[in-house]
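Structure first, commentary second.
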Amino acid sequence: MRSKIVAGNWKMNKTYHEMEILLGELEAKVPDTEAEIMVAPSFVNLPRAFMMLESSVIEPIAQNMHFAESGAYTGEVSADMLLGIGIETVILGHSERRSIFGETDDVLAKKVVAALAKNLRVVFCFGEELEDRKSDNHFNIVADQLTKGLFNLEADAWKNIVLAYEPVWAIGTGETASPEQAQEMHAFIRKAISDKYDATIADNVSILYGGSVKPANAAEIFSKPDVDGGLIGGASLNADDFMAIVKAI
Ligand code: PEP
């Protein structure tokens with residue numbers, strides 16, 4: 001059985017003190033749910049988040065990591081550094097890492113392998129640009145990102161993979177994929193995994209949708225059979241909104 005997951009990606013938002021306030025609010029409002037709840041503060045705030053959430057159902061996760069074990073990579077953070085502060089899950093391949101920081105499919109494939117080698121769980125993000133959808137190339141783009149980023153993995157590695165389909169045109173834009181568009185792509189992704197591996201692996205992987213999920217649209221998107229939750233940007237910065245989205249699952 002695959003997990004339902006709602007993860008908040010806080011990006012480069014919230015100072016140390018602002019994060020403490022938000023975590024306090026989230027803790028106070030967390031509903032009774034079987035869904036996994038994750039939040040991804042910035043690296044500098046992660047140790048404090050871990051301490052504050054030690055006995056919470058909310059899991060602090062990282063937004064990124066480097067593929068190298070250690071070395072001359074100024075400004076980067078390794079898997080061991082994440083593990084050293086108790087972090088067990090890392091987001092990789094977010095569209096902002098791809099488009100602003102130039103992370104290619106090849107680099108991401110290396111990051112995934114490095115994270116899994118350390119037993120980190122990976123939330124792997126991918127999705128097409130607006131031009132790809134307009135030119136009806138979105139399925140090809142998504143298949144290509146999956147193939148290059150993940151289809152080199154052994155079957156067993158998939159137990160530590162969570163997918164986040166995030167059409168780039170819907171991220172931070174207020175424009176959301178319709179529930180039908182999300183379901184269509186998630187079903188396509190699951191079939192691609194089934195074709196490459198097998199139906200059990202495909203059935204067991206959680207596929208989150210990301211792109212302007214809000215309290216008002218979450219329930220409808222989450223009602224689709226292949227949508228197992230959401231990766232939430234803007235709405236995860238507000239405790240009421242984020243917990244309303246958690247309740248919607
Ligand atoms: C994201 O950045 O992963 C995201 C989905 O952002 P938003 O919810 O703000 O569109």
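Naming works like this for the structure tokens: A, B, ... for the chains as they're shown, residue 1 at the start of each chain, ligands 1 onward in shown order.
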Could you give me, as a short mmCIF file (atom, residue, chain, number, x, y, z; two decimals) with N, CA, C and O atoms, in the first residue's frame, every polymer residue with an atom at most 7 Å away from an atom of ligand 1, counting only C-alpha atoms and all ligand atoms?
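Contents of selection.cif, as written:
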data_model
loop_
_atom_site.label_atom_id
_atom_site.label_comp_id
_atom_site.auth_asym_id
_atom_site.auth_seq_id
_atom_site.Cartn_x
_atom_site.Cartn_y
_atom_site.Cartn_z
N ASN A 9 7.23 22.63 0.80
CA ASN A 9 8.56 23.09 0.39
C ASN A 9 8.64 24.58 0.68
O ASN A 9 8.02 25.37 -0.03
N HIS A 94 13.83 19.62 -7.92
CA HIS A 94 12.79 20.65 -8.01
C HIS A 94 13.04 21.52 -9.23
O HIS A 94 14.19 21.79 -9.58
N GLU A 166 5.30 17.89 -11.04
CA GLU A 166 5.04 19.32 -10.88
C GLU A 166 5.16 20.01 -12.23
O GLU A 166 6.28 20.37 -12.65
N ALA A 170 2.57 25.45 -13.54
CA ALA A 170 1.61 25.57 -12.43
C ALA A 170 2.30 25.93 -11.12
O ALA A 170 1.63 26.16 -10.11
N ILE A 171 3.64 26.03 -11.11
CA ILE A 171 4.34 26.26 -9.85
C ILE A 171 4.41 27.76 -9.56
O ILE A 171 4.98 28.53 -10.33
N GLY A 172 3.80 28.14 -8.46
CA GLY A 172 3.84 29.54 -8.02
C GLY A 172 3.09 30.49 -8.92
O GLY A 172 3.22 31.71 -8.79
N THR A 173 2.30 29.97 -9.84
CA THR A 173 1.63 30.83 -10.82
C THR A 173 0.16 31.05 -10.49
O THR A 173 -0.48 31.90 -11.09
N GLY A 174 -0.36 30.26 -9.58
CA GLY A 174 -1.79 30.33 -9.30
C GLY A 174 -2.59 29.50 -10.29
O GLY A 174 -3.78 29.26 -10.11
N GLY A 210 2.21 18.64 -7.59
CA GLY A 210 2.61 19.96 -7.10
C GLY A 210 2.37 21.02 -8.15
O GLY A 210 2.60 20.82 -9.34
N GLY A 211 1.89 22.16 -7.70
CA GLY A 211 1.63 23.27 -8.61
C GLY A 211 0.39 24.00 -8.18
O GLY A 211 -0.72 23.63 -8.55
N SER A 212 0.58 25.05 -7.33
CA SER A 212 -0.52 25.90 -6.88
C SER A 212 -1.65 25.12 -6.21
O SER A 212 -2.83 25.43 -6.40
N VAL A 213 -1.30 24.11 -5.41
CA VAL A 213 -2.33 23.45 -4.60
C VAL A 213 -2.67 24.39 -3.44
O VAL A 213 -1.79 24.93 -2.78
N LEU A 231 2.92 18.17 -3.16
CA LEU A 231 4.09 18.96 -2.76
C LEU A 231 3.64 20.41 -2.87
O LEU A 231 3.25 20.87 -3.94
N ILE A 232 3.69 21.09 -1.74
CA ILE A 232 3.04 22.39 -1.64
C ILE A 232 4.10 23.48 -1.42
O ILE A 232 4.92 23.36 -0.51
N GLY A 233 4.07 24.51 -2.25
CA GLY A 233 4.99 25.63 -2.08
C GLY A 233 4.34 26.73 -1.26
O GLY A 233 4.27 26.67 -0.04
N GLY A 234 3.82 27.75 -1.95
CA GLY A 234 3.27 28.94 -1.29
C GLY A 234 2.33 28.66 -0.14
O GLY A 234 2.47 29.25 0.94
N ALA A 235 1.40 27.75 -0.33
CA ALA A 235 0.38 27.52 0.72
C ALA A 235 0.95 26.81 1.94
O ALA A 235 0.28 26.75 2.98
#
So which residues of region 101-216 of chain A fall under helix (DSSP H, G or I) by DSSP, listed as a PDB file with N, CA, C and O atoms, in the first residue's frame?
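In the end it all went to out_37.pdb:
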ATOM      1  N   ASP A 105      19.482  16.425 -15.895  1.00  0.00           N
ATOM      2  CA  ASP A 105      19.024  15.063 -15.589  1.00  0.00           C
ATOM      3  C   ASP A 105      20.186  14.195 -15.110  1.00  0.00           C
ATOM      4  O   ASP A 105      20.018  13.368 -14.213  1.00  0.00           O
ATOM      5  N   ASP A 106      21.373  14.402 -15.716  1.00  0.00           N
ATOM      6  CA  ASP A 106      22.531  13.585 -15.337  1.00  0.00           C
ATOM      7  C   ASP A 106      22.971  13.869 -13.900  1.00  0.00           C
ATOM      8  O   ASP A 106      23.268  12.948 -13.130  1.00  0.00           O
ATOM      9  N   VAL A 107      23.020  15.164 -13.565  1.00  0.00           N
ATOM     10  CA  VAL A 107      23.391  15.534 -12.195  1.00  0.00           C
ATOM     11  C   VAL A 107      22.365  14.963 -11.217  1.00  0.00           C
ATOM     12  O   VAL A 107      22.712  14.401 -10.170  1.00  0.00           O
ATOM     13  N   LEU A 108      21.099  15.061 -11.582  1.00  0.00           N
ATOM     14  CA  LEU A 108      20.047  14.576 -10.678  1.00  0.00           C
ATOM     15  C   LEU A 108      20.115  13.068 -10.505  1.00  0.00           C
ATOM     16  O   LEU A 108      19.901  12.553  -9.409  1.00  0.00           O
ATOM     17  N   ALA A 109      20.436  12.363 -11.590  1.00  0.00           N
ATOM     18  CA  ALA A 109      20.570  10.906 -11.478  1.00  0.00           C
ATOM     19  C   ALA A 109      21.677  10.571 -10.477  1.00  0.00           C
ATOM     20  O   ALA A 109      21.533   9.659  -9.645  1.00  0.00           O
ATOM     21  N   LYS A 110      22.776  11.343 -10.508  1.00  0.00           N
ATOM     22  CA  LYS A 110      23.875  11.097  -9.551  1.00  0.00           C
ATOM     23  C   LYS A 110      23.427  11.403  -8.129  1.00  0.00           C
ATOM     24  O   LYS A 110      23.785  10.706  -7.176  1.00  0.00           O
ATOM     25  N   LYS A 111      22.654  12.473  -7.969  1.00  0.00           N
ATOM     26  CA  LYS A 111      22.176  12.831  -6.626  1.00  0.00           C
ATOM     27  C   LYS A 111      21.263  11.736  -6.069  1.00  0.00           C
ATOM     28  O   LYS A 111      21.332  11.399  -4.886  1.00  0.00           O
ATOM     29  N   VAL A 112      20.393  11.221  -6.927  1.00  0.00           N
ATOM     30  CA  VAL A 112      19.469  10.175  -6.469  1.00  0.00           C
ATOM     31  C   VAL A 112      20.262   8.954  -5.994  1.00  0.00           C
ATOM     32  O   VAL A 112      20.013   8.416  -4.902  1.00  0.00           O
ATOM     33  N   VAL A 113      21.232   8.551  -6.788  1.00  0.00           N
ATOM     34  CA  VAL A 113      22.034   7.377  -6.419  1.00  0.00           C
ATOM     35  C   VAL A 113      22.763   7.639  -5.100  1.00  0.00           C
ATOM     36  O   VAL A 113      22.797   6.778  -4.211  1.00  0.00           O
ATOM     37  N   ALA A 114      23.327   8.851  -4.968  1.00  0.00           N
ATOM     38  CA  ALA A 114      24.075   9.177  -3.746  1.00  0.00           C
ATOM     39  C   ALA A 114      23.153   9.177  -2.525  1.00  0.00           C
ATOM     40  O   ALA A 114      23.516   8.669  -1.458  1.00  0.00           O
ATOM     41  N   ALA A 115      21.964   9.721  -2.675  1.00  0.00           N
ATOM     42  CA  ALA A 115      21.024   9.768  -1.543  1.00  0.00           C
ATOM     43  C   ALA A 115      20.575   8.365  -1.151  1.00  0.00           C
ATOM     44  O   ALA A 115      20.571   8.002   0.033  1.00  0.00           O
ATOM     45  N   LEU A 116      20.223   7.561  -2.144  1.00  0.00           N
ATOM     46  CA  LEU A 116      19.739   6.208  -1.852  1.00  0.00           C
ATOM     47  C   LEU A 116      20.844   5.346  -1.235  1.00  0.00           C
ATOM     48  O   LEU A 116      20.571   4.502  -0.378  1.00  0.00           O
ATOM     49  N   ALA A 117      22.076   5.582  -1.668  1.00  0.00           N
ATOM     50  CA  ALA A 117      23.208   4.806  -1.119  1.00  0.00           C
ATOM     51  C   ALA A 117      23.346   5.044   0.381  1.00  0.00           C
ATOM     52  O   ALA A 117      23.890   4.214   1.098  1.00  0.00           O
ATOM     53  N   LEU A 130       5.589  24.998 -19.908  1.00  0.00           N
ATOM     54  CA  LEU A 130       4.356  25.369 -20.609  1.00  0.00           C
ATOM     55  C   LEU A 130       4.432  25.064 -22.121  1.00  0.00           C
ATOM     56  O   LEU A 130       3.494  24.515 -22.705  1.00  0.00           O
ATOM     57  N   GLU A 131       5.598  25.377 -22.720  1.00  0.00           N
ATOM     58  CA  GLU A 131       5.732  25.120 -24.181  1.00  0.00           C
ATOM     59  C   GLU A 131       5.562  23.638 -24.494  1.00  0.00           C
ATOM     60  O   GLU A 131       5.027  23.284 -25.546  1.00  0.00           O
ATOM     61  N   ASP A 132       6.052  22.799 -23.585  1.00  0.00           N
ATOM     62  CA  ASP A 132       5.934  21.352 -23.815  1.00  0.00           C
ATOM     63  C   ASP A 132       4.467  20.923 -23.840  1.00  0.00           C
ATOM     64  O   ASP A 132       4.055  20.093 -24.639  1.00  0.00           O
ATOM     65  N   ARG A 133       3.702  21.511 -22.936  1.00  0.00           N
ATOM     66  CA  ARG A 133       2.286  21.135 -22.899  1.00  0.00           C
ATOM     67  C   ARG A 133       1.559  21.692 -24.119  1.00  0.00           C
ATOM     68  O   ARG A 133       0.764  20.993 -24.756  1.00  0.00           O
ATOM     69  N   LYS A 134       1.898  22.961 -24.446  1.00  0.00           N
ATOM     70  CA  LYS A 134       1.214  23.573 -25.589  1.00  0.00           C
ATOM     71  C   LYS A 134       1.515  22.814 -26.879  1.00  0.00           C
ATOM     72  O   LYS A 134       0.682  22.746 -27.774  1.00  0.00           O
ATOM     73  N   HIS A 138       4.245  16.986 -23.584  1.00  0.00           N
ATOM     74  CA  HIS A 138       4.436  16.814 -22.138  1.00  0.00           C
ATOM     75  C   HIS A 138       4.679  15.369 -21.719  1.00  0.00           C
ATOM     76  O   HIS A 138       5.472  15.111 -20.824  1.00  0.00           O
ATOM     77  N   PHE A 139       4.042  14.428 -22.377  1.00  0.00           N
ATOM     78  CA  PHE A 139       4.277  13.027 -21.987  1.00  0.00           C
ATOM     79  C   PHE A 139       5.713  12.604 -22.320  1.00  0.00           C
ATOM     80  O   PHE A 139       6.356  11.896 -21.544  1.00  0.00           O
ATOM     81  N   ASN A 140       6.206  13.065 -23.473  1.00  0.00           N
ATOM     82  CA  ASN A 140       7.590  12.726 -23.847  1.00  0.00           C
ATOM     83  C   ASN A 140       8.593  13.305 -22.864  1.00  0.00           C
ATOM     84  O   ASN A 140       9.558  12.643 -22.480  1.00  0.00           O
ATOM     85  N   ILE A 141       8.350  14.567 -22.476  1.00  0.00           N
ATOM     86  CA  ILE A 141       9.282  15.228 -21.548  1.00  0.00           C
ATOM     87  C   ILE A 141       9.303  14.489 -20.212  1.00  0.00           C
ATOM     88  O   ILE A 141      10.367  14.185 -19.654  1.00  0.00           O
ATOM     89  N   VAL A 142       8.139  14.183 -19.703  1.00  0.00           N
ATOM     90  CA  VAL A 142       8.049  13.500 -18.409  1.00  0.00           C
ATOM     91  C   VAL A 142       8.681  12.107 -18.490  1.00  0.00           C
ATOM     92  O   VAL A 142       9.438  11.692 -17.591  1.00  0.00           O
ATOM     93  N   ALA A 143       8.427  11.394 -19.573  1.00  0.00           N
ATOM     94  CA  ALA A 143       9.020  10.058 -19.734  1.00  0.00           C
ATOM     95  C   ALA A 143      10.546  10.167 -19.769  1.00  0.00           C
ATOM     96  O   ALA A 143      11.260   9.352 -19.170  1.00  0.00           O
ATOM     97  N   ASP A 144      11.033  11.198 -20.447  1.00  0.00           N
ATOM     98  CA  ASP A 144      12.475  11.399 -20.552  1.00  0.00           C
ATOM     99  C   ASP A 144      13.097  11.727 -19.178  1.00  0.00           C
ATOM    100  O   ASP A 144      14.157  11.201 -18.820  1.00  0.00           O
ATOM    101  N   GLN A 145      12.441  12.583 -18.412  1.00  0.00           N
ATOM    102  CA  GLN A 145      12.963  12.937 -17.088  1.00  0.00           C
ATOM    103  C   GLN A 145      12.993  11.711 -16.171  1.00  0.00           C
ATOM    104  O   GLN A 145      13.949  11.507 -15.416  1.00  0.00           O
ATOM    105  N   LEU A 146      11.943  10.905 -16.249  1.00  0.00           N
ATOM    106  CA  LEU A 146      11.897   9.681 -15.441  1.00  0.00           C
ATOM    107  C   LEU A 146      13.003   8.720 -15.852  1.00  0.00           C
ATOM    108  O   LEU A 146      13.707   8.147 -15.018  1.00  0.00           O
ATOM    109  N   THR A 147      13.136   8.543 -17.170  1.00  0.00           N
ATOM    110  CA  THR A 147      14.123   7.592 -17.683  1.00  0.00           C
ATOM    111  C   THR A 147      15.529   8.013 -17.265  1.00  0.00           C
ATOM    112  O   THR A 147      16.307   7.203 -16.737  1.00  0.00           O
ATOM    113  N   LYS A 148      15.841   9.296 -17.490  1.00  0.00           N
ATOM    114  CA  LYS A 148      17.212   9.744 -17.196  1.00  0.00           C
ATOM    115  C   LYS A 148      17.478   9.862 -15.697  1.00  0.00           C
ATOM    116  O   LYS A 148      18.591   9.635 -15.242  1.00  0.00           O
ATOM    117  N   GLY A 149      16.467  10.211 -14.943  1.00  0.00           N
ATOM    118  CA  GLY A 149      16.690  10.438 -13.511  1.00  0.00           C
ATOM    119  C   GLY A 149      16.593   9.188 -12.666  1.00  0.00           C
ATOM    120  O   GLY A 149      17.296   9.062 -11.659  1.00  0.00           O
ATOM    121  N   LEU A 150      15.725   8.237 -13.081  1.00  0.00           N
ATOM    122  CA  LEU A 150      15.395   7.144 -12.157  1.00  0.00           C
ATOM    123  C   LEU A 150      15.446   5.732 -12.740  1.00  0.00           C
ATOM    124  O   LEU A 150      15.517   4.758 -11.982  1.00  0.00           O
ATOM    125  N   ALA A 155      15.321  -2.342  -8.993  1.00  0.00           N
ATOM    126  CA  ALA A 155      13.925  -2.386  -8.539  1.00  0.00           C
ATOM    127  C   ALA A 155      13.805  -2.106  -7.034  1.00  0.00           C
ATOM    128  O   ALA A 155      12.917  -1.365  -6.588  1.00  0.00           O
ATOM    129  N   ASP A 156      14.716  -2.666  -6.266  1.00  0.00           N
ATOM    130  CA  ASP A 156      14.648  -2.555  -4.811  1.00  0.00           C
ATOM    131  C   ASP A 156      14.759  -1.099  -4.322  1.00  0.00           C
ATOM    132  O   ASP A 156      14.239  -0.749  -3.257  1.00  0.00           O
ATOM    133  N   ALA A 157      15.425  -0.270  -5.118  1.00  0.00           N
ATOM    134  CA  ALA A 157      15.643   1.129  -4.700  1.00  0.00           C
ATOM    135  C   ALA A 157      14.336   1.915  -4.648  1.00  0.00           C
ATOM    136  O   ALA A 157      14.231   2.925  -3.948  1.00  0.00           O
ATOM    137  N   TRP A 158      13.336   1.436  -5.376  1.00  0.00           N
ATOM    138  CA  TRP A 158      12.089   2.206  -5.482  1.00  0.00           C
ATOM    139  C   TRP A 158      11.308   2.320  -4.179  1.00  0.00           C
ATOM    140  O   TRP A 158      10.435   3.165  -4.034  1.00  0.00           O
ATOM    141  N   LYS A 159      11.643   1.480  -3.200  1.00  0.00           N
ATOM    142  CA  LYS A 159      10.923   1.597  -1.916  1.00  0.00           C
ATOM    143  C   LYS A 159      11.270   2.917  -1.214  1.00  0.00           C
ATOM    144  O   LYS A 159      10.547   3.366  -0.325  1.00  0.00           O
ATOM    145  N   ASN A 160      12.382   3.542  -1.634  1.00  0.00           N
ATOM    146  CA  ASN A 160      12.761   4.824  -1.019  1.00  0.00           C
ATOM    147  C   ASN A 160      12.545   6.013  -1.944  1.00  0.00           C
ATOM    148  O   ASN A 160      13.146   7.062  -1.741  1.00  0.00           O
ATOM    149  N   VAL A 168       5.728  22.736 -14.577  1.00  0.00           N
ATOM    150  CA  VAL A 168       6.413  23.992 -14.231  1.00  0.00           C
ATOM    151  C   VAL A 168       5.472  25.184 -14.385  1.00  0.00           C
ATOM    152  O   VAL A 168       5.524  26.142 -13.609  1.00  0.00           O
ATOM    153  N   TRP A 169       4.558  25.108 -15.346  1.00  0.00           N
ATOM    154  CA  TRP A 169       3.632  26.215 -15.592  1.00  0.00           C
ATOM    155  C   TRP A 169       2.631  26.403 -14.453  1.00  0.00           C
ATOM    156  O   TRP A 169       1.952  27.433 -14.393  1.00  0.00           O
ATOM    157  N   ALA A 170       2.565  25.454 -13.537  1.00  0.00           N
ATOM    158  CA  ALA A 170       1.607  25.567 -12.431  1.00  0.00           C
ATOM    159  C   ALA A 170       2.297  25.934 -11.119  1.00  0.00           C
ATOM    160  O   ALA A 170       1.626  26.156 -10.107  1.00  0.00           O
ATOM    161  N   PRO A 179      -7.778  18.574 -12.084  1.00  0.00           N
ATOM    162  CA  PRO A 179      -7.678  17.227 -11.503  1.00  0.00           C
ATOM    163  C   PRO A 179      -7.559  16.164 -12.597  1.00  0.00           C
ATOM    164  O   PRO A 179      -6.831  15.179 -12.442  1.00  0.00           O
ATOM    165  N   GLU A 180      -8.216  16.387 -13.727  1.00  0.00           N
ATOM    166  CA  GLU A 180      -8.153  15.410 -14.833  1.00  0.00           C
ATOM    167  C   GLU A 180      -6.762  15.382 -15.455  1.00  0.00           C
ATOM    168  O   GLU A 180      -6.238  14.305 -15.791  1.00  0.00           O
ATOM    169  N   GLN A 181      -6.159  16.580 -15.628  1.00  0.00           N
ATOM    170  CA  GLN A 181      -4.796  16.627 -16.183  1.00  0.00           C
ATOM    171  C   GLN A 181      -3.809  15.937 -15.233  1.00  0.00           C
ATOM    172  O   GLN A 181      -2.908  15.228 -15.675  1.00  0.00           O
ATOM    173  N   ALA A 182      -3.986  16.186 -13.935  1.00  0.00           N
ATOM    174  CA  ALA A 182      -3.087  15.560 -12.956  1.00  0.00           C
ATOM    175  C   ALA A 182      -3.265  14.037 -13.003  1.00  0.00           C
ATOM    176  O   ALA A 182      -2.280  13.291 -13.096  1.00  0.00           O
ATOM    177  N   GLN A 183      -4.508  13.585 -12.971  1.00  0.00           N
ATOM    178  CA  GLN A 183      -4.761  12.140 -12.994  1.00  0.00           C
ATOM    179  C   GLN A 183      -4.201  11.497 -14.265  1.00  0.00           C
ATOM    180  O   GLN A 183      -3.569  10.430 -14.214  1.00  0.00           O
ATOM    181  N   GLU A 184      -4.406  12.160 -15.398  1.00  0.00           N
ATOM    182  CA  GLU A 184      -3.931  11.612 -16.677  1.00  0.00           C
ATOM    183  C   GLU A 184      -2.412  11.411 -16.632  1.00  0.00           C
ATOM    184  O   GLU A 184      -1.888  10.373 -17.024  1.00  0.00           O
ATOM    185  N   MET A 185      -1.699  12.438 -16.122  1.00  0.00           N
ATOM    186  CA  MET A 185      -0.235  12.325 -16.086  1.00  0.00           C
ATOM    187  C   MET A 185       0.214  11.310 -15.037  1.00  0.00           C
ATOM    188  O   MET A 185       1.135  10.526 -15.270  1.00  0.00           O
ATOM    189  N   HIS A 186      -0.438  11.290 -13.883  1.00  0.00           N
ATOM    190  CA  HIS A 186      -0.031  10.331 -12.853  1.00  0.00           C
ATOM    191  C   HIS A 186      -0.255   8.891 -13.329  1.00  0.00           C
ATOM    192  O   HIS A 186       0.573   8.016 -13.053  1.00  0.00           O
ATOM    193  N   ALA A 187      -1.335   8.675 -14.037  1.00  0.00           N
ATOM    194  CA  ALA A 187      -1.590   7.322 -14.569  1.00  0.00           C
ATOM    195  C   ALA A 187      -0.527   6.962 -15.609  1.00  0.00           C
ATOM    196  O   ALA A 187      -0.041   5.820 -15.666  1.00  0.00           O
ATOM    197  N   PHE A 188      -0.142   7.956 -16.424  1.00  0.00           N
ATOM    198  CA  PHE A 188       0.909   7.737 -17.417  1.00  0.00           C
ATOM    199  C   PHE A 188       2.231   7.362 -16.725  1.00  0.00           C
ATOM    200  O   PHE A 188       2.936   6.429 -17.147  1.00  0.00           O
ATOM    201  N   ILE A 189       2.547   8.097 -15.637  1.00  0.00           N
ATOM    202  CA  ILE A 189       3.799   7.850 -14.899  1.00  0.00           C
ATOM    203  C   ILE A 189       3.776   6.433 -14.303  1.00  0.00           C
ATOM    204  O   ILE A 189       4.730   5.671 -14.407  1.00  0.00           O
ATOM    205  N   ARG A 190       2.635   6.071 -13.716  1.00  0.00           N
ATOM    206  CA  ARG A 190       2.541   4.744 -13.094  1.00  0.00           C
ATOM    207  C   ARG A 190       2.685   3.642 -14.151  1.00  0.00           C
ATOM    208  O   ARG A 190       3.344   2.630 -13.930  1.00  0.00           O
ATOM    209  N   LYS A 191       2.118   3.884 -15.322  1.00  0.00           N
ATOM    210  CA  LYS A 191       2.232   2.871 -16.381  1.00  0.00           C
ATOM    211  C   LYS A 191       3.684   2.765 -16.862  1.00  0.00           C
ATOM    212  O   LYS A 191       4.186   1.668 -17.127  1.00  0.00           O
ATOM    213  N   ALA A 192       4.354   3.918 -16.966  1.00  0.00           N
ATOM    214  CA  ALA A 192       5.757   3.903 -17.412  1.00  0.00           C
ATOM    215  C   ALA A 192       6.609   3.093 -16.425  1.00  0.00           C
ATOM    216  O   ALA A 192       7.499   2.326 -16.833  1.00  0.00           O
ATOM    217  N   ILE A 193       6.319   3.231 -15.127  1.00  0.00           N
ATOM    218  CA  ILE A 193       7.077   2.477 -14.114  1.00  0.00           C
ATOM    219  C   ILE A 193       6.735   0.988 -14.195  1.00  0.00           C
ATOM    220  O   ILE A 193       7.604   0.122 -14.110  1.00  0.00           O
ATOM    221  N   SER A 194       5.451   0.717 -14.424  1.00  0.00           N
ATOM    222  CA  SER A 194       5.035  -0.680 -14.545  1.00  0.00           C
ATOM    223  C   SER A 194       5.695  -1.337 -15.761  1.00  0.00           C
ATOM    224  O   SER A 194       6.165  -2.475 -15.697  1.00  0.00           O
ATOM    225  N   ASP A 195       5.767  -0.594 -16.877  1.00  0.00           N
ATOM    226  CA  ASP A 195       6.385  -1.141 -18.090  1.00  0.00           C
ATOM    227  C   ASP A 195       7.879  -1.383 -17.883  1.00  0.00           C
ATOM    228  O   ASP A 195       8.440  -2.365 -18.360  1.00  0.00           O
ATOM    229  N   LYS A 196       8.522  -0.459 -17.177  1.00  0.00           N
ATOM    230  CA  LYS A 196       9.978  -0.572 -16.984  1.00  0.00           C
ATOM    231  C   LYS A 196      10.308  -1.605 -15.903  1.00  0.00           C
ATOM    232  O   LYS A 196      11.257  -2.369 -16.023  1.00  0.00           O
ATOM    233  N   ALA A 199       4.219  -4.109 -12.039  1.00  0.00           N
ATOM    234  CA  ALA A 199       3.003  -3.468 -11.537  1.00  0.00           C
ATOM    235  C   ALA A 199       3.070  -3.239 -10.025  1.00  0.00           C
ATOM    236  O   ALA A 199       2.503  -2.266  -9.514  1.00  0.00           O
ATOM    237  N   THR A 200       3.766  -4.110  -9.307  1.00  0.00           N
ATOM    238  CA  THR A 200       3.835  -3.934  -7.851  1.00  0.00           C
ATOM    239  C   THR A 200       4.611  -2.672  -7.498  1.00  0.00           C
ATOM    240  O   THR A 200       4.186  -1.875  -6.649  1.00  0.00           O
ATOM    241  N   ILE A 201       5.746  -2.482  -8.153  1.00  0.00           N
ATOM    242  CA  ILE A 201       6.533  -1.274  -7.880  1.00  0.00           C
ATOM    243  C   ILE A 201       5.716  -0.040  -8.254  1.00  0.00           C
ATOM    244  O   ILE A 201       5.648   0.941  -7.510  1.00  0.00           O
ATOM    245  N   ALA A 202       5.070  -0.107  -9.405  1.00  0.00           N
ATOM    246  CA  ALA A 202       4.266   1.038  -9.856  1.00  0.00           C
ATOM    247  C   ALA A 202       3.125   1.338  -8.879  1.00  0.00           C
ATOM    248  O   ALA A 202       2.843   2.503  -8.578  1.00  0.00           O
ATOM    249  N   ASP A 203       2.497   0.293  -8.364  1.00  0.00           N
ATOM    250  CA  ASP A 203       1.365   0.484  -7.433  1.00  0.00           C
ATOM    251  C   ASP A 203       1.814   1.030  -6.096  1.00  0.00           C
ATOM    252  O   ASP A 203       1.049   1.700  -5.399  1.00  0.00           O
ATOM    253  N   ASN A 204       3.049   0.703  -5.713  1.00  0.00           N
ATOM    254  CA  ASN A 204       3.510   1.062  -4.365  1.00  0.00           C
ATOM    255  C   ASN A 204       4.156   2.429  -4.275  1.00  0.00           C
ATOM    256  O   ASN A 204       4.400   2.921  -3.171  1.00  0.00           O
ATOM    257  N   PRO A 215      -6.018  25.314  -0.300  1.00  0.00           N
ATOM    258  CA  PRO A 215      -7.134  24.663   0.396  1.00  0.00           C
ATOM    259  C   PRO A 215      -8.355  24.495  -0.506  1.00  0.00           C
ATOM    260  O   PRO A 215      -9.082  23.502  -0.418  1.00  0.00           O
ATOM    261  N   ALA A 216      -8.577  25.451  -1.409  1.00  0.00           N
ATOM    262  CA  ALA A 216      -9.791  25.413  -2.235  1.00  0.00           C
ATOM    263  C   ALA A 216      -9.770  24.325  -3.324  1.00  0.00           C
ATOM    264  O   ALA A 216     -10.833  23.889  -3.764  1.00  0.00           O
TER     265      ALA A 216
END
Env of Ile207 (chain A): 7 Å cut, atoms = only C-alpha atoms, seq-sep filter 4 positions within chain, self excluded. Answer as an NGL selection string. :A and (162-165 or 186 or 227-228)
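Between CA of Gly93 (chain A) and CA of Val123 (chain A) the interatomic distance comes to 8.4 Å.
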Pick from A:Ser95, A:Asn152, A:Ser70, A:Ser55: nearest to Pro167 (chain A), with only C-alpha atoms counted?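 Going through A:Ser95, A:Asn152, A:Ser70, A:Ser55 one by one, the smallest distance to Pro167 (chain A) is for A:Ser95.
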Report, in Å to a single decimal, how far apart CA of Leu82 (chain A) and CA of Ala28 (chain A) are.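 Taking CA of Ala28 (chain A) and CA of Leu82 (chain A), their separation equals 26.3 Å.
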